[in-house]
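Asker: So here's structure.txt, just compact mmCIF, C-alpha atoms:
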```
# COMPACT_ATOMS: atom_id res chain seq x y z
CA MET A 1 0.00 0.00 0.00
CA LYS A 2 1.33 3.43 -0.96
CA LYS A 3 2.35 5.86 1.76
CA LYS A 4 0.47 9.15 1.61
CA ILE A 5 2.77 12.15 2.05
CA LEU A 6 1.62 15.78 2.20
CA TYR A 7 3.80 18.90 1.99
CA TRP A 8 2.71 22.06 3.80
CA SER A 9 4.70 25.10 2.65
CA PRO A 10 2.54 28.25 2.19
CA PHE A 11 4.68 31.17 0.98
CA LEU A 12 4.35 34.84 0.08
CA SER A 13 7.38 35.21 -2.20
CA ASN A 14 9.64 33.01 -4.28
CA VAL A 15 12.21 32.19 -1.58
CA GLY A 16 14.61 29.25 -1.62
CA THR A 17 12.26 27.15 0.49
CA VAL A 18 9.80 27.10 -2.42
CA LYS A 19 12.40 25.44 -4.63
CA SER A 20 13.50 23.01 -1.92
CA THR A 21 9.89 22.01 -1.15
CA LEU A 22 9.07 21.33 -4.80
CA ASN A 23 12.37 19.54 -5.42
CA SER A 24 11.90 17.41 -2.30
CA ALA A 25 8.40 16.34 -3.31
CA THR A 26 9.55 15.69 -6.89
CA ALA A 27 12.54 13.60 -5.77
CA LEU A 28 10.41 11.55 -3.41
CA MET A 29 7.88 10.84 -6.15
CA LYS A 30 10.48 10.11 -8.84
CA PHE A 31 12.77 7.75 -6.94
CA SER A 32 10.28 5.93 -4.67
CA LYS A 33 9.25 3.45 -7.38
CA ASP A 34 5.49 3.94 -6.92
CA SER A 35 5.64 3.31 -3.17
CA VAL A 36 4.37 6.81 -2.25
CA ASP A 37 1.60 9.20 -3.16
CA VAL A 38 2.94 12.76 -2.82
CA SER A 39 0.80 15.91 -2.68
CA LEU A 40 1.39 19.62 -2.14
CA ILE A 41 -1.23 21.54 -0.17
CA ASN A 42 -2.23 24.64 -2.11
CA VAL A 43 -3.17 26.74 0.92
CA CYS A 44 -4.26 30.02 -0.67
CA GLY A 45 -3.35 29.71 -4.34
CA GLU A 46 0.39 30.22 -3.80
CA TRP A 47 1.20 27.13 -5.90
CA ASP A 48 -1.09 28.06 -8.82
CA SER A 49 1.75 29.34 -11.00
CA TYR A 50 3.65 26.04 -10.49
CA GLU A 51 0.68 23.85 -11.46
CA ASN A 52 2.12 22.71 -14.82
CA GLU A 53 5.47 21.79 -13.24
CA ILE A 54 3.72 19.97 -10.41
CA LYS A 55 1.62 17.91 -12.82
CA ALA A 56 4.63 17.20 -15.05
CA ASN A 57 6.35 15.61 -12.05
CA ASN A 58 3.30 13.44 -11.26
CA LEU A 59 2.58 15.30 -8.02
CA ASN A 60 -0.88 16.07 -6.69
CA LEU A 61 -2.00 19.59 -5.82
CA ILE A 62 -4.66 19.70 -3.12
CA LYS A 63 -6.65 22.92 -2.90
CA LEU A 64 -7.26 23.82 0.74
CA ASN A 65 -9.13 27.12 0.38
CA PHE A 66 -10.32 29.57 -2.25
CA SER A 67 -7.46 31.37 -4.03
CA TYR A 68 -6.72 34.62 -2.23
CA PHE A 69 -2.93 34.67 -2.68
CA SER A 70 -2.99 37.69 -5.01
CA LEU A 71 -4.88 39.71 -2.39
CA LEU A 72 -2.35 39.18 0.41
CA PRO A 73 0.10 41.98 1.33
CA LYS A 74 3.61 40.66 0.71
CA LYS A 75 6.08 43.52 1.18
CA GLY A 76 7.22 44.82 4.53
CA TYR A 77 7.51 43.16 7.95
CA ILE A 78 4.12 44.24 9.33
CA GLN A 79 2.23 43.52 6.10
CA SER A 80 3.74 40.04 5.72
CA ARG A 81 3.00 39.18 9.36
CA PHE A 82 -0.61 40.23 8.80
CA SER A 83 -0.75 37.84 5.84
CA TYR A 84 0.69 34.99 7.90
CA ILE A 85 -1.93 35.53 10.61
CA LEU A 86 -4.67 35.62 7.97
CA ILE A 87 -3.45 32.35 6.43
CA PHE A 88 -3.37 30.79 9.92
CA ILE A 89 -6.96 31.80 10.72
CA ILE A 90 -8.49 30.94 7.34
CA SER A 91 -6.68 27.59 7.11
CA PHE A 92 -7.29 26.30 10.64
CA ILE A 93 -10.56 24.39 10.09
CA PRO A 94 -9.85 23.37 6.44
CA LEU A 95 -6.50 21.82 7.41
CA ILE A 96 -8.11 19.80 10.21
CA LYS A 97 -10.78 18.56 7.78
CA LEU A 98 -8.15 17.68 5.16
CA LEU A 99 -6.05 15.65 7.61
CA LEU A 100 -9.12 13.79 8.88
CA LYS A 101 -10.31 13.03 5.35
CA TYR A 102 -7.00 12.31 3.61
CA LYS A 103 -5.31 10.53 6.55
CA PRO A 104 -1.72 11.05 5.33
CA ASP A 105 1.06 8.90 6.76
CA TYR A 106 3.37 11.94 6.87
CA LEU A 107 2.92 15.69 6.85
CA ILE A 108 6.16 17.52 6.03
CA ILE A 109 5.94 21.18 7.08
CA HIS A 110 8.24 23.95 5.85
CA LEU A 111 6.68 27.41 6.33
CA ILE A 112 4.07 28.95 8.69
CA THR A 113 4.63 25.82 10.78
CA SER A 114 2.75 27.04 13.87
CA LEU A 115 -0.63 25.95 12.50
CA PRO A 116 0.15 22.27 11.74
CA LEU A 117 2.20 22.08 14.95
CA LEU A 118 -0.79 23.32 16.97
CA ILE A 119 -3.25 21.00 15.24
CA ASN A 120 -0.91 18.04 15.69
CA TYR A 121 -0.59 18.80 19.41
CA PHE A 122 -4.31 19.10 20.21
CA PHE A 123 -5.83 16.54 17.84
CA ARG A 124 -5.15 12.83 17.87
CA SER A 125 -3.92 11.56 14.55
CA LYS A 126 -1.80 8.76 13.15
CA THR A 127 -0.14 11.23 10.79
CA LYS A 128 3.56 11.68 11.59
CA LEU A 129 4.74 15.27 11.46
CA ILE A 130 8.19 16.13 10.06
CA LEU A 131 9.24 19.70 10.87
CA ARG A 132 11.73 21.37 8.52
CA ILE A 133 13.78 24.16 10.13
CA SER A 134 15.80 26.42 7.83
CA GLY A 135 17.77 28.99 9.78
CA PHE A 136 18.03 29.27 13.55
CA PRO A 137 14.65 30.45 14.91
CA LYS A 138 14.41 33.63 16.99
CA LEU A 139 13.60 32.23 20.40
CA ASN A 140 11.62 34.73 22.42
CA PRO A 141 10.07 33.16 25.57
CA VAL A 142 6.65 32.60 23.93
CA ARG A 143 8.05 30.90 20.81
CA LYS A 144 10.47 28.80 22.84
CA PHE A 145 7.62 27.56 25.08
CA PHE A 146 5.40 26.90 22.06
CA TRP A 147 8.08 24.90 20.25
CA LYS A 148 9.08 22.99 23.38
CA ILE A 149 5.49 21.87 23.98
CA THR A 150 4.29 21.20 20.43
CA THR A 151 7.41 19.41 19.18
CA LYS A 152 6.96 16.71 21.83
CA LYS A 153 4.36 15.10 19.57
CA ILE A 154 6.17 15.35 16.24
CA PHE A 155 8.13 12.57 14.52
CA LYS A 156 11.33 14.25 13.33
CA ILE A 157 12.98 17.66 12.96
CA THR A 158 15.21 18.10 9.91
CA CYS A 159 17.85 20.79 9.29
CA PRO A 160 19.73 21.78 6.10
CA SER A 161 23.14 22.06 7.82
CA ASN A 162 25.06 20.26 10.55
CA GLU A 163 25.82 23.63 12.12
CA LEU A 164 22.10 24.23 12.66
CA VAL A 165 21.70 20.73 14.10
CA ILE A 166 24.45 21.46 16.65
CA ASN A 167 23.02 24.89 17.51
CA LEU A 168 19.56 23.48 18.15
CA LYS A 169 20.87 20.61 20.23
CA ASN A 170 22.99 22.95 22.32
CA LYS A 171 19.90 24.98 23.24
CA GLN A 172 18.39 21.82 24.76
CA PHE A 173 14.75 22.84 24.44
CA LEU A 174 13.90 20.19 21.82
CA ASP A 175 14.20 16.43 21.86
CA ASN A 176 17.73 16.05 20.50
CA GLU A 177 17.05 12.51 19.32
CA LYS A 178 14.54 13.86 16.81
CA ILE A 179 16.90 16.42 15.21
CA LEU A 180 18.54 15.25 11.97
CA PHE A 181 20.64 16.68 9.14
CA LEU A 182 18.83 16.54 5.81
CA PRO A 183 20.48 18.40 2.90
CA ASP A 184 18.09 20.30 0.67
CA ALA A 185 17.21 19.01 -2.78
CA ILE A 186 18.95 21.73 -4.78
CA ILE A 187 20.89 20.19 -7.64
CA ASN A 188 19.25 18.70 -10.71
CA ILE A 189 22.23 17.74 -12.85
CA ASN A 190 20.31 17.29 -16.10
CA LYS A 191 18.53 20.63 -15.73
CA ILE A 192 21.72 22.54 -14.95
CA SER A 193 23.62 20.90 -17.82
CA LYS A 194 20.92 22.00 -20.23
CA LEU A 195 20.38 25.56 -18.97
CA LYS A 196 23.96 26.66 -18.33
CA ASN A 197 24.81 26.53 -22.04
CA GLN A 198 22.20 29.11 -22.99
CA LYS A 199 23.50 32.51 -24.05
CA ILE A 200 23.32 35.58 -21.83
CA GLU A 201 23.42 39.22 -22.78
CA LYS A 202 26.60 40.73 -21.40
CA LYS A 203 26.47 44.40 -20.47
CA THR A 204 30.09 45.11 -21.49
CA ASP A 205 33.08 43.22 -22.89
CA ARG A 206 34.62 42.99 -19.42
CA LYS A 207 34.63 39.89 -17.24
CA PHE A 208 32.17 39.97 -14.36
CA PHE A 209 31.62 38.96 -10.75
CA LEU A 210 28.20 37.48 -10.00
CA SER A 211 25.80 37.56 -7.07
CA VAL A 212 22.30 36.09 -7.04
CA GLY A 213 19.38 36.52 -4.66
CA ARG A 214 16.29 38.51 -3.77
CA LEU A 215 17.00 42.20 -3.21
CA THR A 216 16.33 42.11 0.51
CA LYS A 217 18.11 43.01 3.74
CA GLN A 218 19.22 39.40 4.23
CA LYS A 219 21.30 39.33 1.04
CA ASN A 220 23.21 42.46 2.13
CA PHE A 221 23.73 43.78 -1.40
CA LYS A 222 24.31 47.30 -0.07
CA TYR A 223 27.51 46.04 1.52
CA LEU A 224 28.43 44.19 -1.68
CA ILE A 225 28.01 47.35 -3.78
CA ASN A 226 30.04 49.46 -1.36
CA GLU A 227 32.91 46.96 -1.26
CA THR A 228 33.05 46.35 -5.02
CA SER A 229 32.78 50.09 -5.67
CA LYS A 230 36.08 50.56 -3.89
CA PHE A 231 37.59 47.64 -5.79
CA PHE A 232 36.47 49.02 -9.17
CA LYS A 233 38.23 52.35 -8.52
CA LYS A 234 41.55 50.50 -8.82
CA ASN A 235 40.58 47.60 -11.08
CA HIS A 236 38.99 48.19 -14.49
CA ASN A 237 38.84 44.57 -15.68
CA PHE A 238 35.61 43.45 -14.03
CA ASP A 239 31.92 44.34 -13.68
CA LEU A 240 29.38 43.13 -11.11
CA TYR A 241 26.08 41.51 -12.09
CA ILE A 242 23.39 41.13 -9.41
CA VAL A 243 20.60 38.77 -10.51
CA GLY A 244 17.33 39.04 -8.58
CA GLU A 245 14.38 41.25 -7.72
CA GLY A 246 13.01 42.62 -4.47
CA GLU A 247 11.93 45.58 -2.38
CA LYS A 248 15.45 47.02 -2.09
CA ARG A 249 15.88 47.53 -5.84
CA ASP A 250 15.39 51.33 -5.87
CA GLU A 251 17.64 51.78 -2.84
CA LEU A 252 20.40 49.70 -4.44
CA GLN A 253 20.09 51.46 -7.80
CA ASN A 254 20.38 54.84 -6.03
CA LEU A 255 23.55 53.62 -4.32
CA ILE A 256 25.00 52.54 -7.68
CA ASN A 257 24.10 55.93 -9.15
CA LYS A 258 25.69 57.70 -6.18
CA ASN A 259 28.96 55.89 -6.80
CA ASN A 260 28.81 56.64 -10.55
CA LEU A 261 29.02 52.95 -11.39
CA ASN A 262 26.04 52.49 -13.73
CA ASN A 263 28.43 51.09 -16.33
CA ARG A 264 30.13 48.69 -13.89
CA ILE A 265 27.42 47.38 -11.51
CA PHE A 266 24.22 46.03 -13.09
CA LEU A 267 20.94 44.96 -11.48
CA ILE A 268 19.92 42.26 -13.94
CA GLY A 269 16.52 41.53 -12.42
CA PHE A 270 14.89 38.13 -12.00
CA SER A 271 16.10 35.30 -14.25
CA ASN A 272 14.77 31.78 -14.73
CA ASN A 273 18.27 30.69 -15.66
CA VAL A 274 21.01 31.73 -13.22
CA TYR A 275 23.19 28.82 -14.39
CA ALA A 276 24.07 30.53 -17.68
CA TYR A 277 25.33 33.52 -15.71
CA MET A 278 27.27 31.21 -13.40
CA LYS A 279 28.97 29.50 -16.33
CA ASN A 280 30.13 32.84 -17.75
CA ALA A 281 31.12 34.59 -14.50
CA SER A 282 34.67 34.82 -13.15
CA LEU A 283 33.73 34.70 -9.47
CA PHE A 284 30.62 34.22 -7.34
CA ILE A 285 30.13 36.46 -4.31
CA LEU A 286 27.72 35.75 -1.44
CA SER A 287 27.35 38.77 0.86
CA SER A 288 24.41 37.53 2.98
CA LEU A 289 23.84 38.26 6.67
CA TRP A 290 22.52 34.72 7.12
CA GLU A 291 21.97 31.62 4.97
CA ASP A 292 21.31 27.96 5.57
CA PRO A 293 23.31 26.88 3.70
CA GLY A 294 22.90 29.18 0.68
CA PHE A 295 21.39 27.56 -2.41
CA VAL A 296 23.24 29.84 -4.81
CA ILE A 297 26.75 28.93 -3.63
CA ILE A 298 25.88 25.24 -4.05
CA GLU A 299 24.60 25.92 -7.57
CA ALA A 300 27.68 28.04 -8.32
CA ALA A 301 29.95 25.21 -7.16
CA THR A 302 28.11 22.80 -9.46
CA CYS A 303 28.87 25.20 -12.33
CA ASN A 304 32.61 25.13 -11.46
CA LEU A 305 32.57 28.73 -10.26
CA SER A 306 34.98 30.00 -7.60
CA ILE A 307 33.20 31.30 -4.49
CA VAL A 308 33.82 34.16 -2.08
CA SER A 309 31.31 34.18 0.78
CA SER A 310 30.55 35.88 4.07
CA ASN A 311 31.09 33.58 7.03
CA CYS A 312 27.51 34.07 8.20
CA SER A 313 25.40 31.49 10.03
CA ASN A 314 24.34 28.73 9.48
CA GLY A 315 25.79 27.09 6.43
CA PRO A 316 28.21 28.82 4.02
CA LYS A 317 31.34 28.16 6.03
CA GLU A 318 30.26 24.55 6.54
CA PHE A 319 29.73 24.07 2.80
CA LEU A 320 33.01 25.83 1.99
CA MET A 321 34.85 23.69 4.55
CA ASN A 322 35.98 26.71 6.59
CA GLY A 323 37.84 28.08 3.58
CA ASP A 324 39.19 24.91 1.96
CA ALA A 325 36.45 24.97 -0.70
CA GLY A 326 36.16 28.73 -1.13
CA ILE A 327 37.11 32.08 0.37
CA LEU A 328 35.41 33.44 3.50
CA PHE A 329 35.28 37.05 4.69
CA GLU A 330 33.92 38.62 7.87
CA THR A 331 30.18 39.21 7.55
CA ASN A 332 29.33 42.87 6.93
CA LYS A 333 32.79 44.01 8.06
CA LYS A 334 34.00 47.09 6.22
CA GLY A 335 36.98 46.27 4.01
CA SER A 336 36.85 42.50 4.53
CA LEU A 337 35.40 41.61 1.13
CA LEU A 338 37.52 44.28 -0.54
CA HIS A 339 40.65 42.69 0.93
CA GLU A 340 39.71 39.25 -0.46
CA LEU A 341 38.96 40.68 -3.92
CA GLU A 342 42.27 42.55 -4.03
CA ASN A 343 44.17 39.39 -3.11
CA TYR A 344 42.07 36.89 -5.02
CA GLU A 345 43.77 34.14 -7.03
CA ASP A 346 41.87 31.36 -8.76
CA ASP A 347 42.34 28.08 -6.86
CA PHE A 348 41.45 24.93 -8.78
CA LYS A 349 41.65 22.76 -5.65
CA LYS A 350 39.03 24.86 -3.85
CA LYS A 351 36.67 24.55 -6.83
CA VAL A 352 37.09 20.76 -6.86
CA PHE A 353 36.26 20.52 -3.14
CA ALA A 354 33.23 22.80 -3.58
CA LYS A 355 31.86 20.83 -6.52
CA LYS A 356 32.32 17.58 -4.62
CA ASN A 357 30.37 19.05 -1.70
CA SER A 358 27.59 20.24 -4.01
CA MET A 359 26.86 16.63 -4.95
CA LYS A 360 25.52 16.10 -1.42
CA TYR A 361 22.61 18.34 -2.41
CA THR A 362 21.36 16.50 -5.48
CA ASN A 363 17.71 15.48 -5.64
CA PHE A 364 18.71 11.80 -5.39
CA ARG A 365 20.89 12.29 -2.28
CA HIS A 366 18.03 14.19 -0.66
CA PHE A 367 15.63 11.37 -1.51
CA LYS A 368 17.92 8.73 -0.02
CA LYS A 369 18.09 10.52 3.32
CA LEU A 370 14.41 11.48 3.43
CA ASN A 371 13.37 7.97 2.40
CA ALA A 372 15.44 6.54 5.26
CA ILE A 373 13.44 8.76 7.63
CA ILE A 374 9.96 7.86 6.37
CA THR A 375 10.70 4.14 6.17
CA GLN A 376 11.67 3.95 9.84
CA MET A 377 9.44 1.59 11.81
```
What's the structure tokens form of this structure?

Answerer:
Amino acid sequence: MKKKILYWSPFLSNVGTVKSTLNSATALMKFSKDSVDVSLINVCGEWDSYENEIKANNLNLIKLNFSYFSLLPKKGYIQSRFSYILIFIISFIPLIKLLLKYKPDYLIIHLITSLPLLINYFFRSKTKLILRISGFPKLNPVRKFFWKITTKKIFKITCPSNELVINLKNKQFLDNEKILFLPDAIININKISKLKNQKIEKKTDRKFFLSVGRLTKQKNFKYLINETSKFFKKNHNFDLYIVGEGEKRDELQNLINKNNLNNRIFLIGFSNNVYAYMKNASLFILSSLWEDPGFVIIEAATCNLSIVSSNCSNGPKEFLMNGDAGILFETNKKGSLLHELENYEDDFKKKVFAKKNSMKYTNFRHFKKLNAIITQM
């Protein structure tokens, strides 16, 4: 009899967790040899735009509510929190009804986890809950109490880096036996091989550094622009391409204008194919304030691109083997990135180590580890 597995991952924007959720479900369906029935819960219409891809991978899409995703405020801290609360309230009864009707063997939860955690705690069910934690949670007294109580009744807690596993265990407010390392499903070798050979439109004839991510505070592109601006004053051989969209775009463009670097630093915007940029770049730079572990550096490593990254929590330095597989600089420290750029030399050995590490994050490797979890007696 097939195991029924549901994924709960309601989102407001196209963050990395969206990709990891879809890749995880796809890998589980593809490699399980018809032993599972995998479905994504479409909470408020957030998965509507992925419907063709979901069907192409033989996944089910279960509609929980009417589609109100387009009506939700998405930008700004207060607005997004209002949307989360609204999703929680509207989805409470429908999610209970779905679990009672569908009777899944496993419910894997990624985002807005408080609702399924609460339901799992108060309602008796044979469904085993797997909580995915990406990034160390901010533990105010209320959240810490809530997590300590509700996680007593869940099956497993998975983390995308060993560093996060250690940090959570050291806090000793969860059942340490339940906490496991599960690398994200990031790398699809066939897809990358196909896409990276597509042509890109270069802005100049110069070589370029590359950074990829949403234009948000987390990615710290303001710091990146300030550091590379100083580098470009002395070095005229490189440009900087930043691929991504977000609420900080106008602020970042104004900073570029202020430094008179419109012809050296380019905000490319969103791209469905970052791999083509990675293949053509000379260096990948991750300037983030936090990552776990940082999808883009794993993808860059797969594309044989040298990496310079901030040593932020919880994953880049683990993936880059504390500097053996890439270059690390002090997070947000003035002059630290500039120093590494001024002294940079291409290191083939580092690239080999990084690419080898990236293979831990293939869809198949993710499946193997997740399958070992859900087949436990």

Asker: Identify, on the basis of only C-alpha atoms, every residue whose closest approach to A:Lys222 does not exceed 9 Å; exclude the query and any residue fewer than 4 positions from it along the same chain; express the result as number ranges by chain.

Answerer: A: 217, 226-227, 251-252, 255

Asker: Within 7 Å of (2.5, 37.0, 5.0), in the coordinates the file gives, what residues turn up when you count all atoms listed in the file, written out as an MDAnalysis selection string?

Answerer: chainID A and resid 12 73:74 79:84

Asker: Figure out the distance between atom CA of A:Glu299 and atom CA of A:Leu320, please, to one decimal in Å.

Answerer: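 Taking atom CA of A:Leu320 as the start and atom CA of A:Glu299 as the end point, the length is 12.7 Å.
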
Asker: I'd like the contact shell of stretch 136-142 of chain A - 12 Å cut-off, all atoms listed in the file, skipping same-chain residues fewer than 6 positions apart - returned as a PyMOL selection string.

Answerer: chain A and resi 113+148-149+159-171+173+290-293+312-315

Asker: Using all atoms listed in the file, which of the listed residues (A:Ile200, A:Ile85, A:Leu118, A:Val43) sits closest to A:Asn65?

Answerer: A:Val43

Asker: To one decimal place, how far is atom CA of A:Phe88 from atom CA of A:Ile112 in Å?

Answerer: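 So the two atoms, atom CA of A:Phe88 and atom CA of A:Ile112, lie 7.8 Å apart.
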
Asker: Any chance you could tabulate, as a tab-separated table, the residues of stretch 159-218 of chain A at most 9 Å from stretch 258-267 of chain A with each one's nearest atom pair and distance in Å to one decimal, using only C-alpha atoms, in chain and rising number order?

Answerer:
```
residue	atom	partner	partner_atom	distance
A:Lys203	CA	A:Phe266	CA	7.9
A:Thr204	CA	A:Asn263	CA	8.1
A:Phe208	CA	A:Arg264	CA	9.0
```

Asker: Taking all listed atoms of stretch 324-329 of chain A, build the axis-aligned box, pad each of the six sides by 3 Å, then write its centre and edge lengths in Å to one decimal as AutoDock Vina command-line options.

Answerer:
```
--center_x 37.2 --center_y 31.0 --center_z 1.8 --size_x 9.9 --size_y 18.1 --size_z 11.8
```

Asker: Given the choices A:Leu182, A:Leu195, A:Ala281, A:Leu286, which gets closest to A:Lys369 if the distance is worked out from all atoms listed in the file?

Answerer: A:Leu182

Asker: List as a ChimeraX atom specification the protein and nucleic acid residues near A:Lys230, meaning an atom at most 10 Å away when all atoms listed in the file are counted, but skip any in the same chain fewer than 5 places from it.

Answerer: /A:225,235,259,335,338

Asker: Could you state the separation of atom CA of A:Phe92 and atom CA of A:Leu115 in Å, given to one decimal place?

Answerer: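 Distance between the two atoms: 6.9 Å.
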
Asker: Neighbours of A:Ala25 within 12 Å (all atoms listed in the file; same-chain residues fewer than 3 positions away dropped), as a ChimeraX atom specification?

Answerer: /A:4-9,18-22,28-32,36-41,53-55,57-61,107-110,184-186,363-364,366-367,370-371

Asker: Can you work out which one of A:Lys360, A:Leu95, A:Gly294, A:Lys2 has the shortest atom-to-atom distance to A:Asn42, counting only C-alpha atoms?

Answerer: A:Leu95
